[in-house]
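Okay, my_file-v6.txt is below, compact mmCIF, C-alpha atoms and all ligand atoms:
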```txt
# COMPACT_ATOMS: atom_id res chain seq x y z
CA MET A 1 -67.09 -37.08 -155.92
CA GLY A 2 -65.76 -37.87 -159.40
CA ALA A 3 -65.75 -41.43 -160.73
CA LEU A 4 -62.40 -43.17 -160.56
CA VAL A 5 -62.63 -44.89 -163.92
CA ASP A 6 -64.70 -43.38 -166.68
CA THR A 7 -67.37 -45.57 -168.19
CA LYS A 8 -65.70 -45.72 -171.58
CA THR A 9 -62.54 -47.22 -170.13
CA LEU A 10 -64.63 -49.77 -168.23
CA ARG A 11 -66.42 -50.82 -171.40
CA ASN A 12 -63.15 -51.36 -173.18
CA ALA A 13 -61.62 -53.23 -170.26
CA ILE A 14 -64.36 -55.78 -169.79
CA PRO A 15 -65.98 -57.56 -172.71
CA ALA A 16 -69.78 -57.77 -172.94
CA GLU A 17 -71.23 -60.89 -171.35
CA PRO A 18 -72.69 -63.45 -173.73
CA SER A 19 -73.37 -65.89 -170.87
CA ARG A 20 -75.32 -63.45 -168.75
CA LEU A 21 -78.39 -65.65 -168.33
CA LEU A 22 -76.64 -68.84 -167.24
CA PRO A 23 -76.75 -69.61 -163.54
CA VAL A 24 -73.87 -68.50 -161.37
CA GLU A 25 -71.48 -71.20 -160.19
CA LEU A 26 -69.35 -69.24 -157.74
CA SER A 27 -70.34 -66.19 -155.71
CA VAL A 28 -67.38 -64.21 -154.46
CA ILE A 29 -68.46 -62.31 -151.36
CA VAL A 30 -66.39 -59.22 -150.59
CA PRO A 31 -67.23 -57.12 -147.52
CA THR A 32 -66.26 -53.48 -147.93
CA PHE A 33 -65.91 -50.33 -145.96
CA ASN A 34 -64.31 -47.45 -147.84
CA GLU A 35 -62.74 -49.61 -150.53
CA ARG A 36 -63.78 -47.66 -153.60
CA ALA A 37 -60.22 -47.19 -154.80
CA ASN A 38 -59.65 -50.95 -154.70
CA LEU A 39 -62.61 -51.91 -156.90
CA PRO A 40 -60.94 -51.63 -160.33
CA ALA A 41 -58.09 -53.97 -159.39
CA LEU A 42 -60.49 -56.34 -157.62
CA VAL A 43 -62.79 -56.71 -160.62
CA ALA A 44 -59.85 -56.99 -163.01
CA GLY A 45 -58.22 -59.67 -160.82
CA LEU A 46 -61.42 -61.73 -160.65
CA THR A 47 -62.11 -61.33 -164.37
CA SER A 48 -58.75 -62.72 -165.35
CA ALA A 49 -58.55 -65.42 -162.65
CA LEU A 50 -62.08 -66.76 -163.22
CA ALA A 51 -62.19 -66.64 -167.02
CA ASP A 52 -63.56 -70.21 -167.29
CA ILE A 53 -65.99 -69.97 -164.40
CA ARG A 54 -69.49 -68.49 -164.17
CA TRP A 55 -68.85 -66.20 -161.26
CA GLU A 56 -70.42 -63.17 -159.64
CA LEU A 57 -69.04 -60.65 -157.22
CA ILE A 58 -71.29 -59.61 -154.32
CA VAL A 59 -69.89 -56.53 -152.62
CA VAL A 60 -71.45 -56.10 -149.19
CA ASP A 61 -70.91 -52.47 -148.32
CA ASP A 62 -71.78 -50.81 -145.01
CA ASP A 63 -72.77 -47.51 -146.56
CA SER A 64 -69.16 -46.36 -146.97
CA PRO A 65 -68.80 -42.58 -147.00
CA ASP A 66 -66.35 -42.88 -149.93
CA GLY A 67 -69.18 -44.03 -152.23
CA THR A 68 -68.07 -47.65 -152.67
CA ALA A 69 -71.67 -48.82 -153.24
CA GLU A 70 -72.32 -46.25 -155.93
CA GLU A 71 -69.12 -47.25 -157.72
CA VAL A 72 -70.13 -50.94 -157.61
CA ARG A 73 -73.44 -50.07 -159.30
CA ARG A 74 -71.49 -48.34 -162.06
CA TRP A 75 -69.46 -51.50 -162.56
CA HIS A 76 -72.68 -53.51 -162.79
CA GLY A 77 -73.66 -51.33 -165.76
CA VAL A 78 -70.75 -52.71 -167.77
CA ASN A 79 -70.30 -56.06 -166.08
CA PRO A 80 -73.48 -57.59 -164.61
CA ARG A 81 -71.37 -60.11 -162.71
CA VAL A 82 -70.70 -57.34 -160.23
CA ARG A 83 -73.46 -56.49 -157.78
CA ILE A 84 -73.99 -54.68 -154.53
CA LEU A 85 -75.63 -55.38 -151.20
CA ARG A 86 -75.75 -52.10 -149.32
CA ARG A 87 -76.41 -52.08 -145.59
CA ILE A 88 -77.38 -48.96 -143.73
CA GLY A 89 -76.74 -48.23 -140.05
CA ARG A 90 -74.71 -51.41 -139.64
CA ARG A 91 -71.06 -52.33 -139.32
CA GLY A 92 -69.24 -55.63 -139.20
CA LEU A 93 -67.11 -57.77 -141.43
CA ALA A 94 -68.52 -61.13 -140.29
CA SER A 95 -72.19 -60.17 -140.56
CA ALA A 96 -71.52 -58.63 -143.98
CA CYS A 97 -70.08 -61.95 -145.21
CA ILE A 98 -73.04 -63.88 -143.83
CA GLU A 99 -75.57 -61.61 -145.48
CA GLY A 100 -73.67 -61.68 -148.77
CA ALA A 101 -73.67 -65.47 -148.70
CA LEU A 102 -77.39 -65.51 -147.92
CA ALA A 103 -78.06 -63.22 -150.88
CA SER A 104 -76.34 -65.64 -153.26
CA SER A 105 -78.00 -68.51 -155.13
CA ALA A 106 -74.79 -70.15 -156.29
CA PRO A 107 -73.74 -73.66 -155.20
CA TYR A 108 -70.26 -72.43 -154.23
CA LEU A 109 -69.25 -69.39 -152.20
CA ALA A 110 -65.93 -67.66 -151.61
CA VAL A 111 -65.05 -64.86 -149.20
CA MET A 112 -62.14 -62.47 -149.67
CA ASP A 113 -60.91 -58.95 -148.88
CA ALA A 114 -61.32 -56.08 -151.33
CA ASP A 115 -57.84 -54.67 -150.87
CA GLY A 116 -55.67 -57.03 -152.91
CA GLN A 117 -54.33 -58.96 -149.91
CA HIS A 118 -56.06 -62.18 -150.99
CA ASP A 119 -54.88 -63.52 -154.33
CA PRO A 120 -57.83 -64.22 -156.67
CA LYS A 121 -55.63 -66.61 -158.64
CA LEU A 122 -56.14 -69.13 -155.84
CA LEU A 123 -59.92 -69.21 -156.41
CA PRO A 124 -60.01 -71.71 -159.31
CA ALA A 125 -57.96 -74.21 -157.28
CA MET A 126 -60.24 -73.68 -154.26
CA LEU A 127 -63.31 -74.23 -156.40
CA GLN A 128 -61.80 -77.38 -157.94
CA VAL A 129 -61.38 -78.97 -154.50
CA LEU A 130 -65.08 -78.38 -153.83
CA LEU A 131 -66.13 -79.60 -157.29
CA ASP A 132 -64.09 -82.79 -156.81
CA ASP A 133 -65.89 -83.25 -153.49
CA GLU A 134 -62.61 -83.41 -151.63
CA ALA A 135 -63.80 -81.00 -148.93
CA ASP A 136 -66.70 -78.79 -147.78
CA LEU A 137 -64.45 -75.88 -146.87
CA VAL A 138 -61.21 -74.74 -148.51
CA VAL A 139 -59.12 -72.22 -146.61
CA GLY A 140 -56.45 -69.97 -148.07
CA SER A 141 -53.57 -70.38 -145.64
CA ARG A 142 -50.45 -68.32 -145.12
CA HIS A 143 -48.85 -71.06 -143.06
CA VAL A 144 -48.66 -74.07 -145.38
CA GLU A 145 -46.62 -74.88 -148.49
CA ASN A 146 -46.73 -72.00 -151.00
CA GLY A 147 -48.07 -69.70 -148.31
CA GLY A 148 -46.55 -66.65 -146.68
CA VAL A 149 -47.31 -63.42 -144.85
CA GLY A 150 -45.15 -61.37 -147.22
CA ALA A 151 -44.25 -57.90 -146.01
CA TRP A 152 -47.18 -57.64 -143.58
CA SER A 153 -46.44 -55.08 -140.86
CA GLY A 154 -44.48 -56.67 -138.00
CA TRP A 155 -46.96 -55.99 -135.21
CA ARG A 156 -49.96 -57.27 -137.19
CA ALA A 157 -48.16 -60.47 -138.03
CA GLN A 158 -47.32 -60.84 -134.34
CA ILE A 159 -50.90 -60.33 -133.16
CA SER A 160 -52.01 -62.83 -135.78
CA GLN A 161 -49.43 -65.32 -134.51
CA VAL A 162 -50.62 -64.94 -130.91
CA ALA A 163 -54.26 -65.33 -131.96
CA THR A 164 -53.40 -68.41 -133.99
CA GLY A 165 -51.54 -69.88 -131.01
CA LEU A 166 -54.56 -69.21 -128.78
CA ALA A 167 -56.90 -70.80 -131.30
CA HIS A 168 -54.68 -73.85 -131.46
CA THR A 169 -54.54 -74.23 -127.68
CA SER A 170 -58.30 -73.77 -127.38
CA GLY A 171 -58.81 -76.83 -129.56
CA LEU A 172 -58.97 -75.46 -133.10
CA ARG A 173 -56.19 -77.64 -134.43
CA GLN A 174 -57.60 -78.50 -137.86
CA LEU A 175 -56.27 -75.26 -139.34
CA SER A 176 -52.80 -73.80 -139.73
CA ASP A 177 -54.32 -70.35 -140.35
CA PRO A 178 -57.63 -70.04 -138.45
CA MET A 179 -57.39 -66.23 -138.67
CA SER A 180 -57.62 -66.31 -142.46
CA GLY A 181 -60.29 -64.20 -144.09
CA PHE A 182 -59.95 -66.04 -147.42
CA PHE A 183 -61.91 -69.25 -148.05
CA ALA A 184 -64.40 -71.07 -150.23
CA ILE A 185 -67.29 -73.18 -149.00
CA ARG A 186 -69.99 -75.42 -150.38
CA ARG A 187 -73.40 -73.76 -150.22
CA GLU A 188 -75.01 -76.59 -148.18
CA ALA A 189 -72.15 -76.46 -145.67
CA PHE A 190 -72.72 -72.76 -145.20
CA ASP A 191 -76.51 -73.04 -145.02
CA ALA A 192 -76.33 -75.77 -142.37
CA ARG A 193 -74.37 -73.45 -140.06
CA ALA A 194 -75.93 -70.11 -140.99
CA PRO A 195 -78.64 -70.22 -138.29
CA ASN A 196 -75.92 -70.72 -135.65
CA LEU A 197 -73.67 -67.84 -136.67
CA ALA A 198 -73.76 -64.74 -134.49
CA GLY A 199 -71.85 -62.68 -137.05
CA ARG A 200 -70.55 -60.23 -134.51
CA GLY A 201 -66.82 -60.05 -135.09
CA PHE A 202 -64.13 -59.80 -137.74
CA LYS A 203 -63.46 -63.52 -138.03
CA ILE A 204 -66.15 -65.20 -140.05
CA LEU A 205 -64.01 -68.28 -140.73
CA LEU A 206 -63.44 -68.81 -137.02
CA GLU A 207 -67.17 -68.58 -136.41
CA LEU A 208 -67.94 -71.10 -139.14
CA ILE A 209 -65.51 -73.57 -137.67
CA VAL A 210 -66.75 -73.37 -134.09
CA ALA A 211 -70.43 -73.32 -135.18
CA ASN A 212 -72.61 -76.41 -135.12
CA PRO A 213 -72.54 -78.80 -136.87
CA ALA A 214 -68.79 -79.38 -136.71
CA PHE A 215 -67.05 -80.15 -140.01
CA PRO A 216 -66.55 -83.93 -140.35
CA PRO A 217 -62.89 -84.98 -140.16
CA GLY A 218 -61.05 -84.47 -143.43
CA ARG A 219 -63.67 -82.12 -144.90
CA ILE A 220 -61.53 -79.00 -144.50
CA ARG A 221 -58.62 -78.43 -146.86
CA GLU A 222 -55.95 -75.74 -146.89
CA LEU A 223 -54.24 -74.21 -149.88
CA GLY A 224 -51.23 -71.93 -149.51
CA TYR A 225 -51.18 -68.36 -150.78
CA LYS A 226 -48.96 -65.34 -150.27
CA PHE A 227 -50.63 -62.60 -148.27
CA GLY A 228 -50.29 -59.39 -150.28
CA LEU A 229 -49.99 -55.82 -149.19
CA ARG A 230 -53.08 -53.63 -149.09
CA THR A 231 -52.96 -51.62 -152.31
CA GLN A 232 -55.21 -48.67 -151.40
CA GLY A 233 -57.00 -47.32 -148.34
CA GLU A 234 -56.63 -48.31 -144.70
CA SER A 235 -57.08 -51.47 -142.69
CA LYS A 236 -60.13 -51.57 -140.42
CA PHE A 237 -58.30 -53.67 -137.89
CA SER A 238 -58.27 -52.07 -134.42
CA LEU A 239 -57.80 -52.84 -130.76
CA SER A 240 -61.49 -53.52 -130.32
CA VAL A 241 -61.39 -55.93 -133.28
CA ALA A 242 -58.46 -57.77 -131.67
CA TRP A 243 -60.26 -57.94 -128.34
CA ASP A 244 -63.39 -59.21 -130.01
CA CYS A 245 -61.40 -61.99 -131.63
CA LEU A 246 -59.90 -63.02 -128.30
CA ALA A 247 -63.33 -63.01 -126.66
CA THR A 248 -64.71 -65.15 -129.50
CA LEU A 249 -62.04 -67.74 -128.80
CA VAL A 250 -62.89 -67.79 -125.08
CA GLU A 251 -66.59 -68.08 -125.88
CA GLY A 252 -65.90 -70.99 -128.25
CA GLY A 253 -63.43 -72.62 -125.83
CA SER A 254 -65.93 -72.46 -122.94
CA GLY A 255 -68.68 -73.98 -125.06
CA GLY A 256 -70.59 -70.69 -125.03
CA LEU A 257 -70.73 -70.56 -121.20
CA ILE A 258 -68.70 -67.34 -121.00
CA SER A 259 -70.25 -65.04 -123.56
CA ARG A 260 -68.04 -62.46 -125.22
CA ARG A 261 -70.01 -59.63 -123.71
CA PHE A 262 -69.87 -60.99 -120.20
CA LEU A 263 -66.14 -61.64 -120.47
CA THR A 264 -65.50 -58.13 -121.78
CA PHE A 265 -67.72 -56.59 -119.13
CA GLY A 266 -65.85 -58.53 -116.44
CA CYS A 267 -62.42 -57.46 -117.70
CA VAL A 268 -63.53 -53.84 -117.92
CA GLY A 269 -64.79 -54.10 -114.32
CA ALA A 270 -61.47 -55.54 -113.12
CA PHE A 271 -59.63 -52.76 -114.91
CA GLY A 272 -62.00 -50.25 -113.27
CA PHE A 273 -60.97 -51.55 -109.86
CA GLY A 274 -57.38 -50.73 -110.79
CA VAL A 275 -58.44 -47.22 -111.84
CA HIS A 276 -60.23 -46.86 -108.51
CA LEU A 277 -57.13 -47.80 -106.51
CA ALA A 278 -54.88 -45.55 -108.59
CA ILE A 279 -57.10 -42.49 -108.11
CA LEU A 280 -57.67 -43.25 -104.44
CA GLY A 281 -53.94 -43.63 -103.82
CA THR A 282 -53.10 -40.43 -105.64
CA ALA A 283 -55.84 -38.34 -104.03
CA TYR A 284 -55.43 -39.64 -100.49
CA ARG A 285 -51.67 -40.16 -100.21
CA LEU A 286 -50.22 -37.66 -102.64
CA LEU A 287 -52.79 -34.85 -102.65
CA ASN A 288 -53.73 -35.29 -98.98
CA LEU A 289 -57.48 -35.21 -99.64
CA SER A 290 -59.72 -36.63 -96.90
CA PHE A 291 -60.46 -40.36 -97.31
CA GLY A 292 -64.12 -39.65 -98.06
CA LEU A 293 -63.36 -37.12 -100.80
CA ALA A 294 -60.65 -39.32 -102.26
CA GLN A 295 -63.13 -42.23 -102.38
CA ILE A 296 -65.72 -40.09 -104.18
CA ALA A 297 -63.13 -39.08 -106.76
CA ALA A 298 -61.99 -42.70 -107.16
CA LEU A 299 -65.55 -44.01 -107.53
CA SER A 300 -66.45 -41.34 -110.09
CA GLY A 301 -63.27 -42.04 -112.06
CA ALA A 302 -63.86 -45.78 -112.05
CA ILE A 303 -67.50 -45.40 -113.12
CA LEU A 304 -66.53 -43.05 -115.94
CA SER A 305 -63.73 -45.31 -117.15
CA ASN A 306 -65.98 -48.39 -117.00
CA TYR A 307 -68.68 -46.58 -118.93
CA VAL A 308 -66.32 -45.39 -121.66
CA LEU A 309 -64.63 -48.79 -122.07
CA ASN A 310 -67.88 -50.77 -122.04
CA ASN A 311 -69.32 -48.37 -124.58
CA ILE A 312 -66.42 -49.11 -126.94
CA LEU A 313 -65.49 -52.71 -126.20
CA THR A 314 -68.50 -54.51 -124.75
CA TYR A 315 -71.18 -52.69 -126.70
CA GLY A 316 -69.19 -51.41 -129.69
CA ASP A 317 -71.98 -52.68 -131.95
CA ARG A 318 -74.56 -50.44 -130.29
CA SER A 319 -72.57 -47.78 -128.49
CA ASN A 320 -74.27 -44.69 -127.13
CA ARG A 321 -73.48 -41.50 -129.02
CA GLY A 322 -74.52 -37.86 -128.80
CA TRP A 323 -77.19 -37.21 -126.19
CA ARG A 324 -77.53 -40.91 -125.53
CA TRP A 325 -73.89 -40.93 -124.42
CA ILE A 326 -74.88 -38.56 -121.57
CA SER A 327 -78.13 -40.29 -120.58
CA GLY A 328 -76.28 -43.62 -120.79
CA LEU A 329 -73.66 -42.36 -118.35
CA VAL A 330 -76.39 -41.24 -115.94
CA SER A 331 -78.18 -44.59 -116.02
CA PHE A 332 -74.86 -46.44 -115.76
CA GLY A 333 -73.94 -44.42 -112.65
CA MET A 334 -77.34 -45.07 -111.07
CA ILE A 335 -77.16 -48.78 -111.76
CA CYS A 336 -73.64 -48.91 -110.29
CA GLY A 337 -75.05 -47.31 -107.14
CA SER A 338 -77.92 -49.77 -106.91
CA SER A 339 -75.59 -52.72 -107.50
CA ALA A 340 -73.38 -51.55 -104.63
CA TRP A 341 -76.51 -51.61 -102.48
CA ALA A 342 -77.38 -55.13 -103.69
CA ASN A 343 -73.79 -56.19 -103.01
CA PHE A 344 -74.05 -54.84 -99.46
CA GLU A 345 -77.44 -56.44 -98.70
CA VAL A 346 -76.49 -59.89 -100.01
CA SER A 347 -73.19 -59.98 -98.14
CA GLN A 348 -75.02 -58.91 -94.95
CA ILE A 349 -77.60 -61.69 -95.29
CA ALA A 350 -74.92 -64.29 -96.05
CA PHE A 351 -72.84 -63.18 -93.09
CA ARG A 352 -75.84 -63.28 -90.73
CA HIS A 353 -76.53 -66.84 -91.89
CA GLY A 354 -73.06 -67.90 -90.82
CA ALA A 355 -71.02 -67.54 -94.04
CA PRO A 356 -67.32 -66.76 -93.38
CA TRP A 357 -66.54 -63.08 -94.01
CA ALA A 358 -64.62 -63.64 -97.27
CA ALA A 359 -67.33 -65.91 -98.67
CA ALA A 360 -70.00 -63.38 -97.70
CA ALA A 361 -68.03 -60.63 -99.45
CA PHE A 362 -67.60 -62.81 -102.54
CA LEU A 363 -71.34 -63.59 -102.71
CA GLY A 364 -72.10 -59.89 -102.41
CA ALA A 365 -69.60 -58.94 -105.11
CA ALA A 366 -70.86 -61.66 -107.48
CA THR A 367 -74.45 -60.51 -107.03
CA GLY A 368 -73.43 -56.89 -107.57
CA ALA A 369 -71.52 -57.73 -110.75
CA LEU A 370 -74.37 -59.79 -112.17
CA TRP A 371 -76.90 -57.11 -111.25
CA ASN A 372 -74.74 -54.52 -112.92
CA TYR A 373 -74.32 -56.61 -116.07
CA ILE A 374 -77.97 -57.46 -116.49
CA ALA A 375 -79.35 -54.01 -115.64
CA THR A 376 -76.93 -52.07 -117.85
CA ALA A 377 -77.57 -54.49 -120.73
CA ARG A 378 -81.28 -53.74 -120.44
CA ILE A 379 -81.15 -50.04 -119.72
CA THR A 380 -77.85 -48.35 -120.59
CA TRP A 381 -77.20 -50.37 -123.76
CA ARG A 382 -80.67 -51.62 -124.59
CA ALA A 383 -80.81 -53.10 -128.08
N1 LIG A 401 -69.11 -54.42 -144.86
C1 LIG A 401 -68.05 -54.26 -144.04
N2 LIG A 401 -68.26 -53.76 -142.79
N3 LIG A 401 -66.80 -54.57 -144.47
C2 LIG A 401 -65.77 -54.39 -143.62
C3 LIG A 401 -65.92 -53.87 -142.32
C4 LIG A 401 -67.26 -53.56 -141.89
O1 LIG A 401 -67.49 -53.10 -140.77
N4 LIG A 401 -64.69 -53.83 -141.73
C5 LIG A 401 -63.82 -54.27 -142.65
N5 LIG A 401 -64.46 -54.60 -143.79
C6 LIG A 401 -63.88 -55.11 -145.04
C7 LIG A 401 -62.74 -54.27 -145.57
O2 LIG A 401 -63.20 -53.22 -146.37
C8 LIG A 401 -61.95 -55.31 -146.36
O3 LIG A 401 -62.46 -55.51 -147.65
C9 LIG A 401 -62.15 -56.58 -145.54
O4 LIG A 401 -63.34 -56.38 -144.78
C10 LIG A 401 -60.99 -56.86 -144.60
O5 LIG A 401 -60.74 -55.72 -143.80
P1 LIG A 401 -59.28 -55.13 -143.61
O6 LIG A 401 -59.40 -53.85 -142.91
O7 LIG A 401 -58.53 -55.16 -144.91
O8 LIG A 401 -58.70 -56.21 -142.60
P2 LIG A 401 -57.25 -56.80 -142.48
O9 LIG A 401 -56.52 -56.84 -143.77
O10 LIG A 401 -56.57 -56.10 -141.38
O11 LIG A 401 -57.58 -58.32 -142.06
C11 LIG A 401 -58.11 -59.18 -143.06
O12 LIG A 401 -57.21 -60.15 -143.46
C12 LIG A 401 -56.79 -61.02 -142.44
C13 LIG A 401 -55.88 -62.05 -143.00
O13 LIG A 401 -56.53 -62.90 -143.92
C14 LIG A 401 -59.36 -59.85 -142.55
O14 LIG A 401 -59.95 -60.62 -143.59
C15 LIG A 401 -59.01 -60.73 -141.40
O15 LIG A 401 -60.19 -61.43 -141.00
C16 LIG A 401 -57.96 -61.70 -141.80
O16 LIG A 401 -57.48 -62.39 -140.68
MN MN A 402 -57.01 -56.35 -145.67
```

So that I can check it, write out the structure of this file as structure tokens.
Amino acid sequence: MGALVDTKTLRNAIPAEPSRLLPVELSVIVPTFNERANLPALVAGLTSALADIRWELIVVDDDSPDGTAEEVRRWHGVNPRVRILRRIGRRGLASACIEGALASSAPYLAVMDADGQHDPKLLPAMLQVLLDDEADLVVGSRHVENGGVGAWSGWRAQISQVATGLAHTSGLRQLSDPMSGFFAIRREAFDARAPNLAGRGFKILLELIVANPAFPPGRIRELGYKFGLRTQGESKFSLSVAWDCLATLVEGGSGGLISRRFLTFGCVGAFGFGVHLAILGTAYRLLNLSFGLAQIAALSGAILSNYVLNNILTYGDRSNRGWRWISGLVSFGMICGSSAWANFEVSQIAFRHGAPWAAAAFLGAATGALWNYIATARITWRA
């Protein structure tokens, strides 16, 4: 793959660094996946916005096939402020930000996208708030004065609005834009929360805010900025990212009682019941299959659909692929069978001990679901 900008042009564009050996004041952490084409504008934007600041750019790249990491190393050759943290066999925006922040030694950290949607010209103002000790966290917001979502695609803006509404109802009222991916934070404030960050989703800011310790009142500030349009490449936002965000909110709102995985697993199971009924109805009523055959088809369909959805949504971070997809399906099917047996046994025992029929059925179903969840976590999707 040819280089996008030849080295000579780079040398002319960015002056040599006389202050190379002075400590860094601000680390700008930028997670990337296939953002090679955005690097020139990113570095140029930071260079002009942060002219009076000793900054560095830490690009945390998840081994992008487009060669983002390699391109960052080329930039380092002409501008040592630019460096790379390459991760292999991993994916995730939030965990990339956390690891980038942990790799920095600067007293102030900022997180932003690589694609030009977050305006680097806001960074000096964000840093100033931290330097003046007016806050521990400064968030770039699209929903305060001077802010805006610009020409962001209608449906994305709508999803963002719903998520923001949910965050607000689940108690996150300090922020007008809790879904923002653009913020600056004091190093100590980050370090205090780092051990309590799971780093699983897309929303690192959301995680920081719900993590312990909570930010003292008044220690979060918002500054408005206009959300730009992605200049190159594609967004990595997807349905599973949106679901993950929703599940994070429920996990936070329930004080960690309902874990994201358990919630997702439960919803997939409920959906599977719908699949079961749909197949059963079609096979038995429309195709006139015997009830037994129709039930077998419905059970198989529900198991397959549950397996596929759990593999994407519940265990997207360690989904089974290739041969493991097949062996995973086999173990999933066997565990489903054994959990039906556990369901049956428990409901029988409860009924014999005098539980009303509906309560006995509920106890059986709850045991079966829990059995299923725990066993598949350990066998089908073992870490
Ligand atoms: N290392 C790494 N690994 N980086 C990733 C991954 C990943 O798995 N997925 C996405 N990124 C990087 C992208 O390359 C980009 O630099 C940044 O994270 C944001 O991803 P986008 O794909 O551009 O997301 P978006 O524009 O839809 O959403 C962003 O902006 C929203 C508004 O501020 C995110 O920052 C959202 O969190 C934010 O709400
Ligand atoms: Mn983006």

Identify, counting all atoms listed in the file, the protein, DNA and RNA residues located within 6 Å of ligand LIG 401 (chain A), and give them as a list in words. Pro31, Thr32, Phe33, Glu35, Val60, Asp61, Asp62, Arg91, Gly92, Leu93, Ala96, Asp113, Ala114, Asp115, Met179, Ser180, Gly181, Phe182, Phe202, Lys203, Ser235, Lys236 and Phe237 of chain A

Neighbouring residues of A:Glu25 were defined as those with any atom within 9 Å, considering all atoms listed in the file; residues of the same chain fewer than 3 positions away were excluded. Please report them as a list of chain:residue names.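 The neighbour list is A:Ile53, A:Arg54, A:Trp55, A:Glu56, A:Ser105, A:Ala106, A:Pro107, A:Tyr108, A:Leu109.
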
Take the residues that were just selected and, keeping C-alpha atoms, output them as a PDB file, in the frame of the given file.
```
ATOM      1  CA  ILE A  53     -65.990 -69.970-164.400  1.00  0.00           C
ATOM      2  CA  ARG A  54     -69.490 -68.490-164.170  1.00  0.00           C
ATOM      3  CA  TRP A  55     -68.850 -66.200-161.260  1.00  0.00           C
ATOM      4  CA  GLU A  56     -70.420 -63.170-159.640  1.00  0.00           C
ATOM      5  CA  SER A 105     -78.000 -68.510-155.130  1.00  0.00           C
ATOM      6  CA  ALA A 106     -74.790 -70.150-156.290  1.00  0.00           C
ATOM      7  CA  PRO A 107     -73.740 -73.660-155.200  1.00  0.00           C
ATOM      8  CA  TYR A 108     -70.260 -72.430-154.230  1.00  0.00           C
ATOM      9  CA  LEU A 109     -69.250 -69.390-152.200  1.00  0.00           C
TER      10      LEU A 109
END
```

Requested in this report: Give the answer as one residue: which of A:Glu134, A:Asp244, A:Asp119, A:Glu345 has the shortest atom-to-atom distance to ligand MN 402 (chain A), using all atoms listed in the file?
Outcome: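 When distances to ligand MN 402 (chain A) are compared using all atoms listed in the file, the smallest one comes from A:Asp119.
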
Quiz prompt | Polymer residues at most 10 Å from stretch 322-331 of chain A, all atoms listed in the file, same-chain spacing of 2 or more positions, as a VMD selection string | solution = chain A and resid 303 to 304 306 to 308 311 319 to 320 333 to 337 375 to 376 379 to 382

Counting all atoms listed in the file, closest pick from A:Ser64, A:Leu26, A:Gly228, A:Leu123 relative to ligand MN 402 (chain A) is A:Gly228

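Remark: for ligand MN 402 (chain A), the closest of the candidate residues A:Ala242, A:Val30, A:Ile312, A:Leu197 is A:Val30 (distances computed over only C-alpha atoms and all ligand atoms).
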
Q) atom CA of A:Gln161 and atom CA of A:Ser141 are how many Å apart? A)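 Here the two named atoms are 12.9 Å from each other.
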
**Study point:** Selection: 9 Å around A:Leu263, all atoms listed in the file, excl. self and same-chain fewer than 2 positions, as a PyMOL selection string
**Key:** chain A and resi 247+250-251+258-261+265-268+314

Convert the current residue selection to file output with C-alpha atoms, as a compact mmCIF listing (two decimals), keeping the file's coordinate frame.
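Writing the result to selection_13.txt gives the following:
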```
# COMPACT_ATOMS: atom_id res chain seq x y z
CA ALA A 247 -63.33 -63.01 -126.66
CA VAL A 250 -62.89 -67.79 -125.08
CA GLU A 251 -66.59 -68.08 -125.88
CA ILE A 258 -68.70 -67.34 -121.00
CA SER A 259 -70.25 -65.04 -123.56
CA ARG A 260 -68.04 -62.46 -125.22
CA ARG A 261 -70.01 -59.63 -123.71
CA PHE A 265 -67.72 -56.59 -119.13
CA GLY A 266 -65.85 -58.53 -116.44
CA CYS A 267 -62.42 -57.46 -117.70
CA VAL A 268 -63.53 -53.84 -117.92
CA THR A 314 -68.50 -54.51 -124.75
```

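The closest residue to ligand MN 402 (chain A), picked from A:Arg285, A:Arg193, A:Arg186, A:Arg156 and counting only C-alpha atoms and all ligand atoms, is A:Arg156.
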
Discussion item. Let me make sure I understand: among A:Trp371, A:Tyr284, A:Phe227, A:Phe215, which one has the smallest atom-to-atom distance to ligand MN 402 (chain A) if we use all atoms listed in the file?
Written reply: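 Smallest separation from ligand MN 402 (chain A) among the options: A:Phe227.
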
Proximity to ligand MN 402 (chain A) - best of A:Ala366, A:Ile209, A:Leu229, A:Ala302, only C-alpha atoms and all ligand atoms: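 Among the listed residues, the smallest separation from ligand MN 402 (chain A) belongs to A:Leu229.
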
**Prompt:** In Å to one decimal, how far is atom CA of A:Asn372 from atom CA of A:Asn343?
**Reply:**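 Taking atom CA of A:Asn343 and atom CA of A:Asn372, their separation equals 10.1 Å.
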
Practice item. Please return, as a VMD selection string, all polymer residues that have at least one atom within 8 Å of the point (-62.4, -66.4, -151.6); use all atoms listed in the file and the file's own coordinate frame. Key: chain A and resid 28 to 29 109 to 112 118 120 123 140 182 to 184

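Atom CA of A:Leu299 to atom CA of A:Phe262 spans 21.6 Å [interatomic distance, one decimal].
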
| request: Around the point (-81.8, -47.3, -134.5) in the file's coordinates, collect all residues with an atom within 10 Å, using only C-alpha atoms, and return them as number ranges by chain. | output: A: 89-90, 318, 383

Near A:Leu122, counting all atoms listed in the file, which residues have an atom at most 9 Å away, once you skip same-chain residues fewer than 4 positions from it, shown as a PDB file with C-alpha atoms, in the coordinates of the input?
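This is the output file out31.pdb:
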```
ATOM      1  CA  ALA A  49     -58.550 -65.420-162.650  1.00  0.00           C
ATOM      2  CA  HIS A 118     -56.060 -62.180-150.990  1.00  0.00           C
ATOM      3  CA  MET A 126     -60.240 -73.680-154.260  1.00  0.00           C
ATOM      4  CA  LEU A 127     -63.310 -74.230-156.400  1.00  0.00           C
ATOM      5  CA  GLY A 140     -56.450 -69.970-148.070  1.00  0.00           C
ATOM      6  CA  LEU A 223     -54.240 -74.210-149.880  1.00  0.00           C
ATOM      7  CA  GLY A 224     -51.230 -71.930-149.510  1.00  0.00           C
ATOM      8  CA  TYR A 225     -51.180 -68.360-150.780  1.00  0.00           C
TER       9      TYR A 225
END
```
